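Below is data.cif, holding mmCIF, C-alpha atoms and all ligand atoms.
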data_model
#
loop_
_atom_site.label_atom_id
_atom_site.label_comp_id
_atom_site.auth_asym_id
_atom_site.auth_seq_id
_atom_site.Cartn_x
_atom_site.Cartn_y
_atom_site.Cartn_z
CA MET W 2 -53.54 50.75 40.42
CA ARG W 3 -51.65 49.21 43.29
CA GLY W 4 -53.28 46.44 45.21
CA LYS W 5 -53.00 45.29 48.77
CA VAL W 6 -51.33 42.07 49.89
CA TRP W 7 -53.20 40.09 52.53
CA PHE W 8 -51.41 37.47 54.58
CA VAL W 9 -54.26 35.12 55.40
CA GLY W 10 -54.20 32.27 57.90
CA ALA W 11 -55.70 29.31 56.04
CA GLY W 12 -56.13 27.30 59.22
CA PRO W 13 -54.68 23.91 60.07
CA GLY W 14 -55.96 21.90 57.10
CA ASP W 15 -59.72 21.49 57.17
CA PRO W 16 -60.88 24.00 54.53
CA GLU W 17 -63.80 24.91 56.79
CA LEU W 18 -61.39 26.21 59.41
CA ILE W 19 -60.42 29.29 57.43
CA THR W 20 -62.08 32.39 58.91
CA VAL W 21 -65.07 34.02 57.21
CA LYS W 22 -62.88 37.03 56.46
CA GLY W 23 -60.14 34.82 55.01
CA ARG W 24 -62.64 33.08 52.80
CA SER W 25 -64.11 36.29 51.43
CA LEU W 26 -60.62 37.55 50.61
CA VAL W 27 -59.92 34.28 48.75
CA GLU W 28 -63.18 34.81 46.82
CA ARG W 29 -62.19 38.40 45.97
CA ALA W 30 -58.53 37.73 45.21
CA GLY W 31 -57.08 38.35 41.77
CA ALA W 32 -53.99 36.36 42.72
CA ILE W 33 -53.26 33.79 45.42
CA LEU W 34 -49.93 32.37 46.46
CA PHE W 35 -50.24 29.36 48.73
CA ALA W 36 -47.78 27.35 50.81
CA GLY W 37 -47.93 24.05 48.97
CA SER W 38 -46.56 21.71 51.57
CA LEU W 39 -49.25 22.24 54.16
CA VAL W 40 -52.14 24.41 52.99
CA SER W 41 -54.72 22.10 51.59
CA GLU W 42 -55.50 22.91 48.00
CA ALA W 43 -59.10 22.58 49.01
CA ALA W 44 -58.75 26.02 50.57
CA MET W 45 -58.76 27.17 46.94
CA ARG W 46 -62.27 25.96 46.43
CA TRP W 47 -63.51 29.53 46.94
CA ALA W 48 -61.18 31.25 44.50
CA SER W 49 -62.78 32.79 41.41
CA GLU W 50 -62.26 31.27 37.96
CA SER W 51 -60.11 34.17 36.81
CA CYS W 52 -57.89 34.11 39.90
CA LYS W 53 -54.21 33.41 39.30
CA ILE W 54 -53.16 30.66 41.70
CA GLN W 55 -49.59 29.71 42.40
CA ASP W 56 -47.93 27.20 44.73
CA SER W 57 -44.93 28.68 46.54
CA LYS W 58 -43.33 25.28 47.07
CA GLY W 59 -39.88 25.50 45.57
CA MET W 60 -39.83 29.31 45.50
CA THR W 61 -37.21 31.29 47.43
CA LEU W 62 -38.23 34.14 49.71
CA THR W 63 -37.16 36.69 47.09
CA GLU W 64 -39.15 34.92 44.38
CA ILE W 65 -42.18 34.93 46.69
CA THR W 66 -42.00 38.63 47.48
CA ASP W 67 -41.23 39.53 43.84
CA TRP W 68 -44.32 37.57 42.77
CA LEU W 69 -46.50 39.28 45.37
CA ILE W 70 -45.22 42.73 44.37
CA GLU W 71 -45.78 41.98 40.68
CA GLN W 72 -49.35 40.79 41.28
CA ALA W 73 -50.10 43.87 43.38
CA GLU W 74 -49.32 46.00 40.31
CA SER W 75 -52.37 44.59 38.53
CA CYS W 76 -54.71 43.14 41.21
CA GLU W 77 -56.57 44.99 43.90
CA THR W 78 -56.50 41.98 46.24
CA VAL W 79 -53.52 39.66 46.47
CA VAL W 80 -53.62 36.84 49.01
CA ARG W 81 -50.70 34.97 50.52
CA LEU W 82 -52.30 31.91 52.15
CA GLN W 83 -50.34 30.65 55.12
CA THR W 84 -50.83 27.49 57.10
CA GLY W 85 -52.43 27.88 60.53
CA ASP W 86 -51.81 31.39 61.81
CA PRO W 87 -49.39 33.57 59.82
CA SER W 88 -47.56 34.79 62.92
CA LEU W 89 -46.22 31.37 63.91
CA TYR W 90 -43.15 30.05 62.08
CA GLY W 91 -44.44 31.62 58.88
CA ALA W 92 -41.56 33.92 57.79
CA LEU W 93 -44.12 36.75 57.96
CA ILE W 94 -41.78 39.64 58.66
CA GLU W 95 -39.26 38.43 56.09
CA MET W 96 -42.05 38.78 53.50
CA VAL W 97 -43.55 42.00 54.85
CA GLN W 98 -40.29 43.98 54.83
CA PRO W 99 -39.72 43.84 51.02
CA LEU W 100 -43.40 44.79 50.51
CA ASP W 101 -42.95 47.76 52.85
CA ARG W 102 -39.90 48.80 50.87
CA ALA W 103 -41.93 48.56 47.66
CA ASN W 104 -44.63 50.72 49.29
CA ILE W 105 -47.27 48.05 49.04
CA GLU W 106 -50.03 47.99 51.58
CA VAL W 107 -50.09 44.88 53.75
CA ALA W 108 -52.59 43.36 56.19
CA VAL W 109 -52.74 40.13 58.17
CA VAL W 110 -55.79 37.97 58.82
CA PRO W 111 -55.24 35.57 61.72
CA GLY W 112 -55.90 31.88 61.39
CA VAL W 113 -56.60 28.83 63.54
CA SER W 114 -53.19 27.49 64.48
CA SER W 115 -52.43 23.79 64.31
CA ALA W 116 -51.70 24.01 68.05
CA MET W 117 -55.39 24.73 68.65
CA ALA W 118 -56.53 22.15 66.12
CA SER W 119 -54.33 19.46 67.70
CA VAL W 120 -55.70 20.10 71.17
CA ALA W 121 -59.23 20.13 69.75
CA ALA W 122 -58.60 16.77 68.04
CA GLY W 123 -57.82 15.23 71.41
CA VAL W 124 -60.66 17.01 73.28
CA GLU W 125 -57.99 18.47 75.55
CA THR W 126 -57.63 21.86 77.20
CA LEU W 127 -54.55 24.06 77.17
CA THR W 128 -55.38 25.59 80.56
CA LEU W 129 -57.08 24.22 83.64
CA PRO W 130 -57.67 26.05 86.94
CA GLU W 131 -54.98 25.33 89.53
CA VAL W 132 -53.20 22.96 87.14
CA THR W 133 -51.69 25.32 84.59
CA GLN W 134 -52.68 28.75 83.31
CA THR W 135 -49.84 29.13 80.86
CA VAL W 136 -49.16 27.89 77.34
CA ILE W 137 -45.76 27.86 75.67
CA LEU W 138 -45.60 27.59 71.88
CA THR W 139 -42.13 26.50 70.87
CA ARG W 140 -39.93 24.17 68.86
CA VAL W 141 -36.68 22.41 69.58
CA GLU W 142 -33.42 23.34 68.03
CA GLY W 143 -32.95 21.94 64.56
CA ARG W 144 -31.36 23.94 61.77
CA THR W 145 -32.86 27.09 63.34
CA PRO W 146 -30.94 27.83 66.54
CA MET W 147 -32.90 28.64 69.70
CA PRO W 148 -32.23 32.02 71.32
CA GLU W 149 -30.59 32.01 74.73
CA GLY W 150 -32.89 31.00 77.57
CA GLU W 151 -35.34 29.21 75.25
CA SER W 152 -34.04 25.67 75.31
CA LEU W 153 -36.78 23.12 75.91
CA VAL W 154 -35.10 22.14 79.19
CA GLU W 155 -35.44 25.72 80.42
CA LEU W 156 -38.98 26.23 79.14
CA ALA W 157 -40.18 22.84 80.41
CA SER W 158 -38.95 23.59 83.93
CA HIS W 159 -42.13 25.66 84.35
CA HIS W 160 -44.33 22.54 83.95
CA THR W 161 -46.93 24.39 81.90
CA THR W 162 -48.65 23.29 78.71
CA ILE W 163 -46.14 23.18 75.84
CA CYS W 164 -47.06 22.88 72.16
CA ILE W 165 -43.99 21.86 70.21
CA PHE W 166 -43.98 22.68 66.49
CA LEU W 167 -41.58 21.47 63.79
CA SER W 168 -40.02 18.86 66.02
CA ILE W 169 -41.56 15.47 65.32
CA THR W 170 -38.31 14.17 63.83
CA LEU W 171 -36.55 15.31 67.01
CA LEU W 172 -38.80 13.38 69.39
CA LYS W 173 -35.82 11.77 71.10
CA LYS W 174 -34.48 15.20 72.00
CA VAL W 175 -37.94 16.23 73.22
CA GLN W 176 -38.04 13.16 75.48
CA ASP W 177 -34.53 13.81 76.82
CA ASP W 178 -35.13 17.52 77.41
CA LEU W 179 -38.42 16.98 79.24
CA ALA W 180 -36.82 14.29 81.40
CA ALA W 181 -33.92 16.66 82.15
CA ALA W 182 -36.48 19.29 83.19
CA GLY W 183 -37.98 16.88 85.70
CA TRP W 184 -41.01 15.53 83.82
CA ALA W 185 -41.85 11.99 84.97
CA VAL W 186 -41.41 9.14 82.50
CA ASP W 187 -45.15 8.46 82.67
CA SER W 188 -46.12 12.09 81.84
CA PRO W 189 -48.82 12.01 79.17
CA VAL W 190 -47.89 13.16 75.66
CA LEU W 191 -50.24 13.90 72.78
CA VAL W 192 -49.07 13.82 69.17
CA VAL W 193 -51.44 14.84 66.39
CA GLN W 194 -50.58 14.48 62.73
CA LYS W 195 -52.52 16.47 60.15
CA ALA W 196 -54.91 17.81 62.77
CA SER W 197 -58.30 18.63 61.22
CA TRP W 198 -57.42 17.24 57.75
CA PRO W 199 -60.56 15.39 56.68
CA GLY W 200 -59.86 11.65 56.79
CA GLU W 201 -56.14 12.06 57.46
CA GLU W 202 -55.87 13.14 61.07
CA LYS W 203 -53.99 10.80 63.42
CA VAL W 204 -54.08 11.17 67.20
CA VAL W 205 -51.49 9.30 69.23
CA ARG W 206 -51.50 9.26 73.01
CA GLY W 207 -48.59 7.95 74.98
CA LYS W 208 -46.21 8.59 77.82
CA LEU W 209 -42.92 10.40 77.75
CA SER W 210 -41.25 6.98 77.82
CA ASP W 211 -43.08 5.33 74.90
CA ILE W 212 -44.35 8.12 72.63
CA ARG W 213 -41.52 7.67 70.14
CA GLU W 214 -42.23 3.97 69.61
CA LEU W 215 -45.95 4.71 69.27
CA CYS W 216 -45.31 7.39 66.64
CA ARG W 217 -42.96 5.12 64.78
CA ALA W 218 -45.61 2.39 64.73
CA GLU W 219 -48.09 4.92 63.30
CA LYS W 220 -45.47 6.10 60.77
CA ILE W 221 -45.69 9.68 61.96
CA GLY W 222 -42.65 11.52 60.69
CA SER W 223 -43.96 14.92 59.58
CA GLN W 224 -46.77 17.49 59.90
CA ALA W 225 -47.32 16.69 63.54
CA MET W 226 -47.75 18.62 66.77
CA ILE W 227 -46.35 17.42 70.08
CA VAL W 228 -48.33 18.55 73.12
CA VAL W 229 -47.23 17.97 76.69
CA SER W 230 -49.25 19.31 79.58
CA PRO W 231 -50.24 18.50 83.13
CA THR W 232 -53.82 18.92 81.83
CA LEU W 233 -53.70 16.02 79.35
CA GLY W 234 -56.32 13.38 80.05
CA SER W 235 -58.23 15.64 82.45
CA ARG W 236 -61.49 14.65 80.73
CA ASP W 237 -61.30 11.42 82.77
CA TRP W 238 -60.30 12.93 86.11
CA GLN W 239 -62.74 12.43 88.99
CA GLU W 240 -61.89 15.71 90.77
CA LEU W 241 -61.61 19.03 88.96
CA LYS W 242 -61.06 22.49 90.35
CA LYS W 243 -63.88 24.21 88.52
CA SER W 244 -63.30 27.42 86.67
CA LYS W 245 -64.11 30.41 88.87
CA LEU W 246 -66.07 31.90 86.00
CA TYR W 247 -68.94 29.48 86.53
CA ASP W 248 -68.61 29.21 90.32
CA PRO W 249 -71.92 30.33 91.94
CA GLU W 250 -69.90 32.19 94.61
CA PHE W 251 -67.83 34.11 92.10
CA GLN W 252 -69.20 37.51 91.21
CA HIS W 253 -68.18 39.18 87.99
CA ARG W 254 -69.28 41.87 85.59
CA PHE W 255 -72.15 39.87 84.13
CA ARG W 256 -73.39 38.13 87.24
CA LYS W 257 -74.05 39.31 90.79
CA VAL W 258 -73.93 36.80 93.62
CA GLU W 259 -77.33 36.54 95.35
CA LYS W 260 -76.92 37.12 99.08
N1 LIG P 301 -48.29 28.72 61.16
C1 LIG P 301 -48.52 27.32 61.42
C2 LIG P 301 -47.25 26.59 61.81
C3 LIG P 301 -46.27 26.45 60.67
S1 LIG P 301 -44.84 25.57 61.12
C4 LIG P 301 -49.60 27.19 62.50
O1 LIG P 301 -50.01 28.19 63.10
O2 LIG P 301 -50.06 26.07 62.71
C5 LIG P 301 -45.22 23.94 60.58
C6 LIG P 301 -45.44 23.02 61.77
O3 LIG P 301 -46.76 23.23 62.25
C7 LIG P 301 -45.37 21.54 61.47
O4 LIG P 301 -44.05 21.07 61.60
C8 LIG P 301 -46.22 20.96 62.56
O5 LIG P 301 -45.53 20.90 63.79
C9 LIG P 301 -47.29 22.03 62.70
N2 LIG P 301 -48.50 21.74 61.91
C10 LIG P 301 -48.98 22.44 60.85
N3 LIG P 301 -50.17 21.95 60.45
C11 LIG P 301 -50.45 20.91 61.27
C12 LIG P 301 -51.54 20.02 61.40
N4 LIG P 301 -52.61 20.11 60.60
N5 LIG P 301 -51.50 19.09 62.39
C13 LIG P 301 -50.45 19.02 63.23
N6 LIG P 301 -49.40 19.85 63.17
C14 LIG P 301 -49.39 20.77 62.20
#

Whole structure, structure tokens version:
Amino acid sequence: MRGKVWFVGAGPGDPELITVKGRSLVERAGAILFAGSLVSEAAMRWASESCKIQDSKGMTLTEITDWLIEQAESCETVVRLQTGDPSLYGALIEMVQPLDRANIEVAVVPGVSSAMASVAAGVETLTLPEVTQTVILTRVEGRTPMPEGESLVELASHHTTICIFLSITLLKKVQDDLAAAGWAVDSPVLVVQKASWPGEEKVVRGKLSDIRELCRAEKIGSQAMIVVSPTLGSRDWQELKKSKLYDPEFQHRFRKVEK
């Protein structure tokens, strides 16, 4: 028998934020490999007693894919649990290619990304009518180089919502790049550490000018999302352009305007 390997988004940390489908795969799995640094072990609470569970922390990519291939020889359902959504900064394709070469069936179950969980933690919106209708998910250049045209200065020149992953230790560069792209020093910035982790989530609100000091004071040096957006704080705005979807004058498929 050859099993199937499922890449499952475990969600941002709160074990209840895995999808129903992800959870039932965890329950069915004969073997689970999880990303130790971020996926809460609590996500394992649904694994069966006989399930083989392994932390991939410390494993190389080849060791990971070898393990998955080996488990698929004896288990019908093998789960690779990934933090957030598997398609974002998750080395998904690097793992899928060796499985394809070994002729092992693969499927992906999406997950709630930490970008969404961070915005939810702050009761913020990624889009707002006539403010911004675009979201950029990115990171700044660290050890992984950014492709041409994707520097934060270039991306930020659009003044859209930007969720910046993997960059909390590079907050100074984020500040400099946003300033270089024309963002005012008092632009609001949201930083969320361990979004959705029960009892561990930290939400820091600041301005472009002081966010680094605020994060330092809160000892936030890892597992954090930086969100900048012209929508931040809109909960307290007096005037909002309301979404057309709920505008009484706006006719759509499910509602006809009464004349
Ligand atoms: N696939 C994941 C991202 C993995 S990259 C997703 O969709 O969320 C790891 C980065 O994600 C971290 O550096 C941090 O920026 C962010 N991250 C992951 N979990 C987080 C959480 N619970 N709260 C805030 N940021 C988180």

Considering all atoms listed in the file, give me a table of residues in chain W that are at most 7 Å from ligand LIG 301 (chain P), with the closest atom pair and distance in Å for each, as CSV.
residue,atom,partner,partner_atom,distance
W:Pro13,CA,P:LIG301,N4,4.4
W:Gly14,CA,P:LIG301,N4,5.2
W:Leu39,CA,P:LIG301,N3,6.4
W:Gln83,CA,P:LIG301,N1,6.7
W:Thr84,CA,P:LIG301,C1,4.9
W:Gly85,CA,P:LIG301,C4,3.5
W:Asp86,CA,P:LIG301,O1,3.9
W:Pro87,CA,P:LIG301,N1,5.2
W:Ser88,CA,P:LIG301,N1,6.4
W:Leu89,CA,P:LIG301,N1,4.3
W:Tyr90,CA,P:LIG301,S1,4.9
W:Gly91,CA,P:LIG301,N1,5.3
W:Val113,CA,P:LIG301,O1,6.6
W:Ser114,CA,P:LIG301,O1,3.5
W:Ser115,CA,P:LIG301,O2,3.7
W:Ala116,CA,P:LIG301,O2,6.0
W:Ala118,CA,P:LIG301,N5,7.0
W:Ser119,CA,P:LIG301,C13,5.9
W:Ile165,CA,P:LIG301,O5,6.7
W:Phe166,CA,P:LIG301,O5,3.6
W:Leu167,CA,P:LIG301,O4,3.3
W:Ser168,CA,P:LIG301,O5,6.3
W:Ile169,CA,P:LIG301,O5,6.9
W:Val193,CA,P:LIG301,C13,5.3
W:Gln194,CA,P:LIG301,C13,4.6
W:Lys195,CA,P:LIG301,N5,3.6
W:Ala196,CA,P:LIG301,N5,3.7
W:Ser197,CA,P:LIG301,N4,5.9
W:Trp198,CA,P:LIG301,N4,6.3
W:Ser223,CA,P:LIG301,O4,6.5
W:Gln224,CA,P:LIG301,C8,4.4
W:Ala225,CA,P:LIG301,N6,3.8
W:Met226,CA,P:LIG301,N6,4.1

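CA of Gly112 (chain W) lies 23.3 Å from CA of Thr61 (chain W).
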
Enclosing box along x, y and z for every listed atom of region 18-32 of chain W, padded 8 Å each side, centre and size in Å, one decimal, as JSON:
{"center_x": -59.5, "center_y": 32.3, "center_z": 50.6, "size_x": 27.1, "size_y": 28.2, "size_z": 33.6}

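Between CA of Ile65 (chain W) and CA of Val110 (chain W) there is a distance of 18.5 Å.
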
Residues proximal to (-59.7, 39.7, 47.8) were defined as those with any atom within 10 Å of that point in the file's coordinates, counting all atoms listed in the file. Which are they, as a ChimeraX atom specification? /W:4-7,22-33,48-49,52,76-80

So, counting all atoms listed in the file, which residue among W:Gln176, W:Thr133, W:Thr66, W:Ser244 is closest to Ile105 (chain W)?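 Among W:Gln176, W:Thr133, W:Thr66, W:Ser244, it is W:Thr66 that comes nearest to Ile105 (chain W).
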
When you look at Asp177 (chain W) with a cut-off of 12 Å (counting all atoms listed in the file), what residues show up, excluding the ones that are within fewer than 6 positions of it in the same chain? I need them as a count of residues only. 13

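Contact shell of Glu74 (chain W) at 8 Å (only C-alpha atoms; same-chain neighbours under 2 positions omitted): W:Met2, W:Arg3, W:Gly4, W:Ile70, W:Glu71, W:Gln72, W:Cys76.
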
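One finds CA of Asp15 (chain W) at 29.0 Å from CA of Thr63 (chain W).
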
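Closest to Lys203 (chain W) among W:Gly234, W:Gly123, W:Pro130, W:Pro249 is W:Gly123, based on only C-alpha atoms.
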
Using all atoms listed in the file, pick whichever of W:Ala182, W:Val228, W:Leu172, W:Val124 has the shortest atom-to-atom distance to Glu214 (chain W).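 Counting all atoms listed in the file, the residue closest to Glu214 (chain W) is W:Leu172.
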
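Nearest to Glu240 (chain W) of all the residues W:Glu149, W:Glu201, W:Glu131, W:Asp187 is W:Glu131, counting only C-alpha atoms.
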
I need the residue nearest Pro111 (chain W) from this list: W:Met60, W:Leu93, W:Met147, W:Glu50. Use only C-alpha atoms for the distance. W:Leu93
